[in-house]
Structure formats: C-alpha cells, structure tokens
file coords-v7.tsv (TSV, C-alpha atoms)
chain	number	residue	atom	x	y	z
A	19	MET	CA	107.25	89.10	120.17
A	20	ALA	CA	109.82	86.31	120.51
A	21	VAL	CA	110.75	85.01	117.04
A	22	THR	CA	112.01	81.49	116.35
A	23	ALA	CA	113.52	79.83	113.29
A	24	VAL	CA	110.23	78.01	112.55
A	25	LYS	CA	107.92	80.14	110.41
A	26	SER	CA	104.75	78.19	111.25
A	27	GLU	CA	105.39	78.65	114.98
A	28	ASN	CA	105.95	82.38	114.49
A	29	LEU	CA	102.71	82.77	112.60
A	30	GLU	CA	100.70	80.82	115.15
A	31	HIS	CA	102.25	82.82	117.98
A	32	ALA	CA	101.58	86.14	116.21
A	33	VAL	CA	97.91	85.25	115.87
A	34	THR	CA	97.72	84.39	119.58
A	35	LEU	CA	99.25	87.74	120.55
A	36	ILE	CA	97.04	89.69	118.13
A	37	ASN	CA	93.93	87.98	119.52
A	38	LYS	CA	95.01	88.88	123.06
A	39	ALA	CA	95.70	92.51	122.19
A	40	ALA	CA	92.35	92.83	120.42
A	41	THR	CA	90.52	91.26	123.35
A	42	ASN	CA	92.11	93.92	125.56
A	43	GLY	CA	90.77	96.70	123.34
A	44	ALA	CA	93.53	97.40	120.83
A	45	GLN	CA	92.21	98.87	117.57
A	46	LEU	CA	95.49	99.04	115.64
A	47	ILE	CA	98.00	96.27	116.29
A	48	ILE	CA	101.66	96.34	115.22
A	49	LEU	CA	104.03	93.40	114.87
A	50	PRO	CA	107.85	93.67	114.89
A	51	GLU	CA	110.27	93.68	112.00
A	52	CYS	CA	110.87	90.19	110.54
A	53	PHE	CA	108.30	88.54	112.81
A	54	ASN	CA	108.05	85.36	110.74
A	55	SER	CA	111.78	84.94	110.09
A	56	PRO	CA	115.08	85.30	111.90
A	57	TYR	CA	116.63	88.70	111.24
A	58	ASP	CA	119.58	87.33	109.28
A	59	THR	CA	120.64	88.12	105.72
A	60	THR	CA	121.17	84.42	105.01
A	61	CYS	CA	117.59	83.67	106.06
A	62	PHE	CA	115.78	86.33	104.05
A	63	PRO	CA	115.85	84.49	100.68
A	64	LYS	CA	114.94	81.18	102.35
A	65	TYR	CA	111.92	82.60	104.17
A	66	ALA	CA	110.77	84.97	101.43
A	67	GLU	CA	107.24	84.70	100.06
A	68	SER	CA	104.92	86.78	97.95
A	69	ILE	CA	102.36	89.30	99.18
A	70	PRO	CA	99.57	88.23	99.01
A	71	GLY	CA	100.88	84.89	100.23
A	72	PRO	CA	100.68	82.51	103.19
A	73	THR	CA	101.72	84.99	105.89
A	74	SER	CA	99.66	87.90	104.59
A	75	ASP	CA	96.64	85.61	104.20
A	76	ILE	CA	96.87	84.69	107.88
A	77	LEU	CA	97.20	88.32	108.93
A	78	ALA	CA	94.28	89.33	106.72
A	79	GLN	CA	92.06	86.67	108.30
A	80	THR	CA	93.18	87.63	111.80
A	81	ALA	CA	92.45	91.31	111.14
A	82	ASN	CA	88.97	90.37	109.92
A	83	ASP	CA	88.34	88.00	112.84
A	84	ASN	CA	89.18	90.72	115.36
A	85	ASN	CA	87.90	93.76	113.42
A	86	VAL	CA	91.25	95.57	113.87
A	87	TYR	CA	93.91	97.23	111.76
A	88	ILE	CA	97.11	95.19	111.62
A	89	ILE	CA	100.49	96.61	110.67
A	90	GLY	CA	102.23	93.35	109.92
A	91	GLY	CA	105.71	94.19	111.14
A	92	SER	CA	107.78	93.05	108.21
A	93	ILE	CA	108.48	89.84	106.35
A	94	PRO	CA	110.93	88.88	103.60
A	95	GLU	CA	108.96	89.40	100.39
A	96	ILE	CA	109.95	88.02	96.99
A	97	ASP	CA	108.77	89.72	93.81
A	98	ASN	CA	110.21	89.19	90.33
A	99	GLY	CA	113.28	87.56	91.77
A	100	GLU	CA	114.03	90.43	94.18
A	101	VAL	CA	113.75	90.10	97.96
A	102	TYR	CA	112.45	93.03	100.04
A	103	ASN	CA	111.96	93.70	103.75
A	104	THR	CA	108.25	94.48	103.54
A	105	CYS	CA	105.57	95.68	105.95
A	106	PRO	CA	101.99	94.76	104.91
A	107	VAL	CA	99.00	96.65	106.35
A	108	PHE	CA	95.47	95.25	106.72
A	109	SER	CA	92.08	96.81	107.37
A	110	PRO	CA	89.55	95.54	109.94
A	111	SER	CA	87.82	93.73	107.08
A	112	GLY	CA	91.04	91.91	106.18
A	113	LYS	CA	91.82	93.94	103.07
A	114	LEU	CA	95.47	94.47	102.20
A	115	LEU	CA	95.57	98.27	102.30
A	116	THR	CA	99.20	98.82	101.35
A	117	LYS	CA	102.72	97.55	101.90
A	118	HIS	CA	105.98	99.35	102.64
A	119	ARG	CA	109.25	98.01	101.34
A	120	LYS	CA	112.12	99.14	103.57
A	121	MET	CA	113.56	102.12	101.76
A	122	HIS	CA	116.93	102.44	103.50
A	123	LEU	CA	118.91	99.21	103.86
A	124	VAL	CA	121.20	98.70	106.84
A	125	ASP	CA	124.89	98.88	106.00
A	126	ILE	CA	126.85	99.38	109.21
A	127	ASN	CA	130.32	98.47	110.41
A	128	VAL	CA	131.25	99.24	114.02
A	129	PRO	CA	134.64	97.55	114.45
A	130	GLY	CA	134.68	94.92	117.17
A	131	LYS	CA	130.92	95.17	117.72
A	132	ILE	CA	128.72	94.66	114.65
A	133	ARG	CA	128.91	94.34	110.88
A	134	PHE	CA	125.58	93.99	109.07
A	135	ARG	CA	124.69	94.60	105.43
A	136	GLU	CA	121.10	94.00	104.30
A	137	ALA	CA	121.99	94.62	100.65
A	138	ASP	CA	123.74	91.25	100.66
A	139	SER	CA	120.31	89.70	100.15
A	140	LEU	CA	117.71	92.51	100.00
A	141	SER	CA	116.66	95.19	97.52
A	142	PRO	CA	115.43	98.63	98.67
A	143	GLY	CA	111.87	99.84	98.33
A	144	CYS	CA	111.16	103.03	96.40
A	145	ASP	CA	107.72	104.15	97.61
A	146	PHE	CA	106.29	106.30	100.37
A	147	THR	CA	103.63	104.41	102.29
A	148	THR	CA	100.65	105.88	104.13
A	149	PHE	CA	97.13	104.72	104.88
A	150	ASP	CA	94.01	106.33	106.27
A	151	THR	CA	92.07	105.27	109.36
A	152	PRO	CA	89.01	106.85	110.99
A	153	TYR	CA	91.45	108.24	113.56
A	154	CYS	CA	94.25	109.72	111.46
A	155	LYS	CA	96.58	109.08	108.56
A	156	VAL	CA	99.49	106.74	109.38
A	157	GLY	CA	102.95	106.66	107.77
A	158	ILE	CA	105.10	103.53	107.63
A	159	GLY	CA	108.85	103.01	107.73
A	160	VAL	CA	110.92	99.98	108.71
A	161	CYS	CA	113.69	100.27	111.32
A	162	TYR	CA	116.67	101.90	109.53
A	163	ASP	CA	114.20	104.23	107.77
A	164	LEU	CA	113.89	105.96	111.17
A	165	ARG	CA	117.41	107.36	110.82
A	166	PHE	CA	116.48	109.48	107.82
A	167	PRO	CA	114.53	112.59	108.89
A	168	GLU	CA	113.47	113.43	105.35
A	169	LEU	CA	111.10	110.45	105.25
A	170	ALA	CA	109.36	111.45	108.48
A	171	HIS	CA	109.17	115.07	107.28
A	172	ILE	CA	107.52	114.03	104.03
A	173	TYR	CA	105.00	111.91	105.92
A	174	GLY	CA	104.19	114.93	108.08
A	175	GLU	CA	103.70	117.01	104.94
A	176	MET	CA	101.36	114.29	103.65
A	177	GLY	CA	99.16	114.76	106.72
A	178	CYS	CA	100.27	111.84	108.88
A	179	LYS	CA	99.79	112.17	112.63
A	180	PHE	CA	101.22	108.76	113.56
A	181	LEU	CA	104.44	107.21	112.21
A	182	VAL	CA	105.11	103.51	112.74
A	183	TYR	CA	108.45	101.77	112.38
A	184	PRO	CA	108.59	98.00	112.91
A	185	GLY	CA	112.24	97.62	113.88
A	186	ALA	CA	115.08	95.55	115.25
A	187	PHE	CA	117.75	97.86	116.62
A	188	ASN	CA	120.79	95.91	117.77
A	189	MET	CA	122.72	95.82	121.04
A	190	THR	CA	125.31	98.32	119.75
A	191	THR	CA	123.11	101.09	118.38
A	192	GLY	CA	119.90	100.42	120.30
A	193	PRO	CA	120.94	101.62	123.77
A	194	SER	CA	122.40	104.89	122.43
A	195	HIS	CA	120.32	105.76	119.39
A	196	MET	CA	116.84	104.26	119.34
A	197	GLU	CA	114.96	106.42	121.85
A	198	PRO	CA	116.68	109.69	120.82
A	199	LEU	CA	115.79	109.00	117.18
A	200	LEU	CA	112.16	108.29	118.06
A	201	ARG	CA	111.91	111.47	120.13
A	202	ALA	CA	113.60	113.52	117.43
A	203	ARG	CA	111.25	112.33	114.69
A	204	ALA	CA	108.27	113.02	116.97
A	205	VAL	CA	109.35	116.53	117.99
A	206	ASP	CA	110.64	117.55	114.54
A	207	ASN	CA	107.33	116.71	112.91
A	208	GLU	CA	104.93	117.01	115.85
A	209	VAL	CA	103.54	113.50	115.41
A	210	TYR	CA	103.23	110.30	117.42
A	211	VAL	CA	106.00	107.82	116.63
A	212	ALA	CA	106.20	104.11	117.51
A	213	LEU	CA	108.91	101.52	117.02
A	214	VAL	CA	107.97	97.87	117.58
A	215	SER	CA	110.81	95.41	118.09
A	216	GLY	CA	111.09	91.69	118.47
A	217	ALA	CA	112.13	90.32	121.86
A	218	ARG	CA	115.81	89.71	122.57
A	219	ASN	CA	117.27	86.31	121.76
A	220	GLU	CA	120.84	86.07	123.05
A	221	THR	CA	121.51	82.95	120.94
A	222	ALA	CA	120.51	84.57	117.60
A	223	SER	CA	123.10	85.66	115.04
A	224	TYR	CA	121.61	89.18	115.35
A	225	VAL	CA	120.59	90.16	118.88
A	226	ALA	CA	117.78	92.72	119.09
A	227	TRP	CA	117.74	95.54	121.65
A	228	GLY	CA	113.96	95.23	122.14
A	229	HIS	CA	112.43	98.17	124.05
A	230	SER	CA	109.36	98.79	121.87
A	231	THR	CA	108.43	102.43	122.46
A	232	VAL	CA	105.76	105.03	121.67
A	233	VAL	CA	106.56	108.77	121.79
A	234	SER	CA	104.13	111.71	121.78
A	235	PRO	CA	104.28	114.83	119.57
A	236	TRP	CA	105.66	116.63	122.63
A	237	GLY	CA	108.56	114.20	122.80
A	238	ASP	CA	107.38	112.30	125.87
A	239	VAL	CA	107.81	108.53	126.06
A	240	LEU	CA	104.23	107.34	126.54
A	241	ALA	CA	104.84	103.60	126.62
A	242	THR	CA	107.87	101.36	126.51
A	243	THR	CA	109.15	98.01	127.72
A	244	GLU	CA	112.36	96.10	128.29
A	245	HIS	CA	113.76	93.29	126.13
A	246	LEU	CA	111.45	90.36	126.92
A	247	GLU	CA	108.25	89.49	125.08
A	248	THR	CA	105.21	91.53	126.10
A	249	ILE	CA	102.35	93.54	124.61
A	250	VAL	CA	102.75	97.31	124.84
A	251	TYR	CA	99.50	99.29	124.91
A	252	CYS	CA	99.23	103.02	124.24
A	253	ASP	CA	96.42	105.48	123.52
A	254	ILE	CA	96.96	107.80	120.55
A	255	ASP	CA	95.12	111.16	120.58
A	256	PRO	CA	95.15	112.73	117.09
A	257	ASP	CA	93.64	115.94	118.50
A	258	PHE	CA	96.77	116.39	120.64
A	259	VAL	CA	98.80	116.62	117.43
A	260	ASP	CA	96.68	119.60	116.39
A	261	LYS	CA	97.15	121.22	119.81
A	262	VAL	CA	100.92	120.86	119.69
A	263	ARG	CA	101.04	122.24	116.16
A	264	THR	CA	98.94	125.22	117.28
A	265	HIS	CA	101.14	125.94	120.31
A	266	LEU	CA	104.39	125.45	118.38
A	267	PRO	CA	103.61	126.09	114.70
A	268	ILE	CA	107.03	125.06	113.42
A	269	LEU	CA	105.66	123.28	110.37
A	270	SER	CA	104.28	126.55	109.01
A	271	GLN	CA	107.40	128.49	110.02
A	272	LYS	CA	109.84	126.60	107.83
A	273	ARG	CA	111.86	128.87	105.54
A	274	THR	CA	110.73	127.26	102.32
A	275	ASP	CA	112.06	130.32	100.52
A	276	MET	CA	115.50	129.06	101.54
A	277	TYR	CA	115.20	125.26	101.74
A	278	SER	CA	112.74	122.46	101.07
A	279	THR	CA	112.40	118.69	100.87
A	280	VAL	CA	111.71	117.59	97.32
A	281	VAL	CA	109.91	114.33	96.57
A	282	LYS	CA	111.50	112.88	93.44
A	283	ARG	CA	109.33	109.79	93.16
A	284	LYS	CA	105.71	109.29	94.22
call {"tool": "encode", "arguments": {"input": "coords-v7.tsv", "output": "structure tokens"}}
result
Amino acid sequence: MAVTAVKSENLEHAVTLINKAATNGAQLIILPECFNSPYDTTCFPKYAESIPGPTSDILAQTANDNNVYIIGGSIPEIDNGEVYNTCPVFSPSGKLLTKHRKMHLVDINVPGKIRFREADSLSPGCDFTTFDTPYCKVGIGVCYDLRFPELAHIYGEMGCKFLVYPGAFNMTTGPSHMEPLLRARAVDNEVYVALVSGARNETASYVAWGHSTVVSPWGDVLATTEHLETIVYCDIDPDFVDKVRTHLPILSQKRTDMYSTVVKRK
C-alpha cells in the first residue's frame, strides 16, 4: 500500500484495497506497518489515536462488510499519554480481537546511511499477541520484532502456525536482512511467516524497502513482490506445518535440560 501524509486518504485507500482483496477470495487480509501515517518519529504523536478510535472503527466495519479477518498493519496509538506502534486485529464480524504493541523499538545507526530511533516518540509494548482462527493460531509482531528469535520461538510454543509482521524495512537493511530473517524465523520454528510492507516512496523521510513476502515452514518464498503498490496473495496450509514438524521434529528435540526460553511476563 502506498501511504501519504493525509490520514483520511490512507484510510479510504486501505478500504478500497481490502474490498478488492476480499472480492478476490482473501480470508485474512494484512495491512502494512503505519498504514495511516508516515513512518516518521515526528509524525507518530501527531497522528496518534486511541484504539478503539476512528481508524479501528473503519477497519472493524470493513472486516464486517467483507466477512474477513483484518490484521490492521499498525497505527500510532495513544493511551494514557504514551504513544505505541500498534497492530489491531479484527474478526469477520468486526470485533476487535486483540492488538499488538511493537515490543522491540528500532534504534539503529549505520553511519552515512541511516539513523532512526523510535524511542524518540514511542513506548514499547509488553505483551505477546496471538489470536485464533478456524484455520490456525496466528502470532503478531511488528517489523523490528522480527529480528528477535525468542518472540517467534515463544509463539511457536504457544501453538501458532502463522506469524505475521507488518513492517517497513528500510533501504539499508531491507535488501540484506529482510528475506533471510523471514526464512530463518520460518525454518527455526516450522511455521509460515509473512511480512507486509508499505510501498516505496522515494520522497519520504524514511524510504521503505517494500518487498512484502510470505515464507513457508520449509523456508521457501511462496509469494513476494517488488517495491510498488500491489496486493500479494498466498495460500496458507496449516496441515503442511504438521507435516514439516513430523519430518523434522526439531521442536521436540530441543535440549530443554540444557537451555530454555523463559516467559517473564504474560
């Protein structure tokens, strides 16, 4: 999705794209990170709203109108004076099922290429986020969360077969890191993994890499795109997760007598 600086235009455009995807048979539809706002630390407080709020109300109605699940990318959310990078999730009836506040905030400095620090205007989330569908359980992260394998591992332990990361990798890290990270999270945990990015805008203060991608539990890239706006379609087969885990039972072969991942907060 191409994102502009005008929130109302972004919302109207998102609804148009969701309607098109649903018409073409999509049952779970994912928007990109910061789909209603420029991805810019100076914009987050200006665009922030509550959940429920205007943007989530529109997504809820659109989910109900199309009888689809919607993973609402992410939006700047304000709550008790704090601003979060938050992904809301809606059921086919339009119910707000859950929301994921980006747990790991970007703080990178590649000299001569990019300096970006989300903590300048955002607070981190502190909750694991999953939801159930008739197809499988889904785990949610947002962009930089993908870099931390512990989160994906915990979601696998929770029974997730599909991990979704609305994201906005940049032109420095995207070409080198995004696909390898997606394939690693998929193979390490034997799950489907998707990252959904906004389209590239060369005039923006932060230029996104694009390349929305879905990877299978076997590590194969099932669907991807370039940097321009489009709708990426992919079929997810939860039974294939079970087959891979039977053929390569690495999840049951972990040496938990020697190491483990401990959840400190639920």
call {"tool": "atom_distance", "arguments": {"input": "coords-v7.tsv", "atom1": "atom CA of A:Gly177", "atom2": "atom CA of A:His195"}}
result
26.3 Å
call {"tool": "closest_residue", "arguments": {"input": "coords-v7.tsv", "among": "A:Tyr162, A:Tyr87, A:Tyr251, A:Phe134", "to": "A:Ser111", "atoms": "all atoms listed in the file"}}
result
A:Tyr87
call {"tool": "atom_distance", "arguments": {"input": "coords-v7.tsv", "atom1": "atom CA of A:Pro50", "atom2": "atom CA of A:Pro198"}}
result
19.2 Å
call {"tool": "atom_distance", "arguments": {"input": "coords-v7.tsv", "atom1": "atom CA of A:Ser234", "atom2": "atom CA of A:His122"}}
result
24.2 Å
call {"tool": "closest_residue", "arguments": {"input": "coords-v7.tsv", "among": "A:Ala40, A:Ala222, A:Cys52, A:Met121", "to": "A:Glu95", "atoms": "only C-alpha atoms"}}
result
A:Cys52
call {"tool": "closest_residue", "arguments": {"input": "coords-v7.tsv", "among": "A:Asn84, A:Thr191, A:Ser141, A:Ser270", "to": "A:Ile47", "atoms": "all atoms listed in the file"}}
result
A:Asn84
call {"tool": "closest_residue", "arguments": {"input": "coords-v7.tsv", "among": "A:Leu199, A:Ala212, A:Leu140, A:Leu181", "to": "A:Asp58", "atoms": "all atoms listed in the file"}}
result
A:Leu140
call {"tool": "closest_residue", "arguments": {"input": "coords-v7.tsv", "among": "A:Cys105, A:Ala23, A:Cys178, A:Ala39", "to": "A:Val86", "atoms": "only C-alpha atoms"}}
result
A:Ala39
call {"tool": "residues_around", "arguments": {"input": "coords-v7.tsv", "residues": "A:Thr60", "least_positions_apart": "4", "cutoff": "9 Å", "atoms": "all atoms listed in the file", "output": "PyMOL selection string"}}
result
chain A and resi 64+138-139
call {"tool": "residues_around", "arguments": {"input": "coords-v7.tsv", "residues": "A:His265", "least_positions_apart": "4", "cutoff": "12 Å", "atoms": "only C-alpha atoms", "output": "list of chain:residue names"}}
result
A:Glu208, A:Pro235, A:Trp236, A:Phe258, A:Val259, A:Asp260, A:Lys261, A:Leu269, A:Ser270
call {"tool": "residues_around", "arguments": {"input": "coords-v7.tsv", "residues": "stretch 272-282 of chain A", "least_positions_apart": "4", "cutoff": "10 Å", "atoms": "all atoms listed in the file", "output": "number ranges by chain"}}
result
A: 146, 168-169, 171-172, 175, 267-268
call {"tool": "residues_around", "arguments": {"input": "coords-v7.tsv", "residues": "A:Phe180", "least_positions_apart": "5", "cutoff": "8 Å", "atoms": "only C-alpha atoms", "output": "VMD selection string"}}
result
chain A and resid 154 to 157 209 to 212
call {"tool": "write_last_selection", "arguments": {"input": "coords-v7.tsv", "atoms": "C-alpha atoms", "output": "mmCIF file, keeping the file's coordinate frame"}}
result
data_model
loop_
_atom_site.group_PDB
_atom_site.id
_atom_site.type_symbol
_atom_site.label_atom_id
_atom_site.label_comp_id
_atom_site.auth_asym_id
_atom_site.auth_seq_id
_atom_site.Cartn_x
_atom_site.Cartn_y
_atom_site.Cartn_z
ATOM 1 C CA CYS A 154 94.250 109.720 111.460
ATOM 2 C CA LYS A 155 96.580 109.080 108.560
ATOM 3 C CA VAL A 156 99.490 106.740 109.380
ATOM 4 C CA GLY A 157 102.950 106.660 107.770
ATOM 5 C CA VAL A 209 103.540 113.500 115.410
ATOM 6 C CA TYR A 210 103.230 110.300 117.420
ATOM 7 C CA VAL A 211 106.000 107.820 116.630
ATOM 8 C CA ALA A 212 106.200 104.110 117.510
#
call {"tool": "residues_near_point", "arguments": {"input": "coords-v7.tsv", "point": "(120.0, 101.8, 116.5)", "cutoff": "12 Å", "atoms": "all atoms listed in the file", "output": "NGL selection string"}}
result
:A and (124-126 or 128 or 132 or 161-165 or 185-200 or 213 or 215 or 225-229)
call {"tool": "write_last_selection", "arguments": {"input": "coords-v7.tsv", "atoms": "C-alpha atoms", "output": "PDB file, keeping the file's coordinate frame"}}
result
ATOM      1  CA  VAL A 124     121.200  98.700 106.840  1.00  0.00           C
ATOM      2  CA  ASP A 125     124.890  98.880 106.000  1.00  0.00           C
ATOM      3  CA  ILE A 126     126.850  99.380 109.210  1.00  0.00           C
ATOM      4  CA  VAL A 128     131.250  99.240 114.020  1.00  0.00           C
ATOM      5  CA  ILE A 132     128.720  94.660 114.650  1.00  0.00           C
ATOM      6  CA  CYS A 161     113.690 100.270 111.320  1.00  0.00           C
ATOM      7  CA  TYR A 162     116.670 101.900 109.530  1.00  0.00           C
ATOM      8  CA  ASP A 163     114.200 104.230 107.770  1.00  0.00           C
ATOM      9  CA  LEU A 164     113.890 105.960 111.170  1.00  0.00           C
ATOM     10  CA  ARG A 165     117.410 107.360 110.820  1.00  0.00           C
ATOM     11  CA  GLY A 185     112.240  97.620 113.880  1.00  0.00           C
ATOM     12  CA  ALA A 186     115.080  95.550 115.250  1.00  0.00           C
ATOM     13  CA  PHE A 187     117.750  97.860 116.620  1.00  0.00           C
ATOM     14  CA  ASN A 188     120.790  95.910 117.770  1.00  0.00           C
ATOM     15  CA  MET A 189     122.720  95.820 121.040  1.00  0.00           C
ATOM     16  CA  THR A 190     125.310  98.320 119.750  1.00  0.00           C
ATOM     17  CA  THR A 191     123.110 101.090 118.380  1.00  0.00           C
ATOM     18  CA  GLY A 192     119.900 100.420 120.300  1.00  0.00           C
ATOM     19  CA  PRO A 193     120.940 101.620 123.770  1.00  0.00           C
ATOM     20  CA  SER A 194     122.400 104.890 122.430  1.00  0.00           C
ATOM     21  CA  HIS A 195     120.320 105.760 119.390  1.00  0.00           C
ATOM     22  CA  MET A 196     116.840 104.260 119.340  1.00  0.00           C
ATOM     23  CA  GLU A 197     114.960 106.420 121.850  1.00  0.00           C
ATOM     24  CA  PRO A 198     116.680 109.690 120.820  1.00  0.00           C
ATOM     25  CA  LEU A 199     115.790 109.000 117.180  1.00  0.00           C
ATOM     26  CA  LEU A 200     112.160 108.290 118.060  1.00  0.00           C
ATOM     27  CA  LEU A 213     108.910 101.520 117.020  1.00  0.00           C
ATOM     28  CA  SER A 215     110.810  95.410 118.090  1.00  0.00           C
ATOM     29  CA  VAL A 225     120.590  90.160 118.880  1.00  0.00           C
ATOM     30  CA  ALA A 226     117.780  92.720 119.090  1.00  0.00           C
ATOM     31  CA  TRP A 227     117.740  95.540 121.650  1.00  0.00           C
ATOM     32  CA  GLY A 228     113.960  95.230 122.140  1.00  0.00           C
ATOM     33  CA  HIS A 229     112.430  98.170 124.050  1.00  0.00           C
TER      34      HIS A 229
END
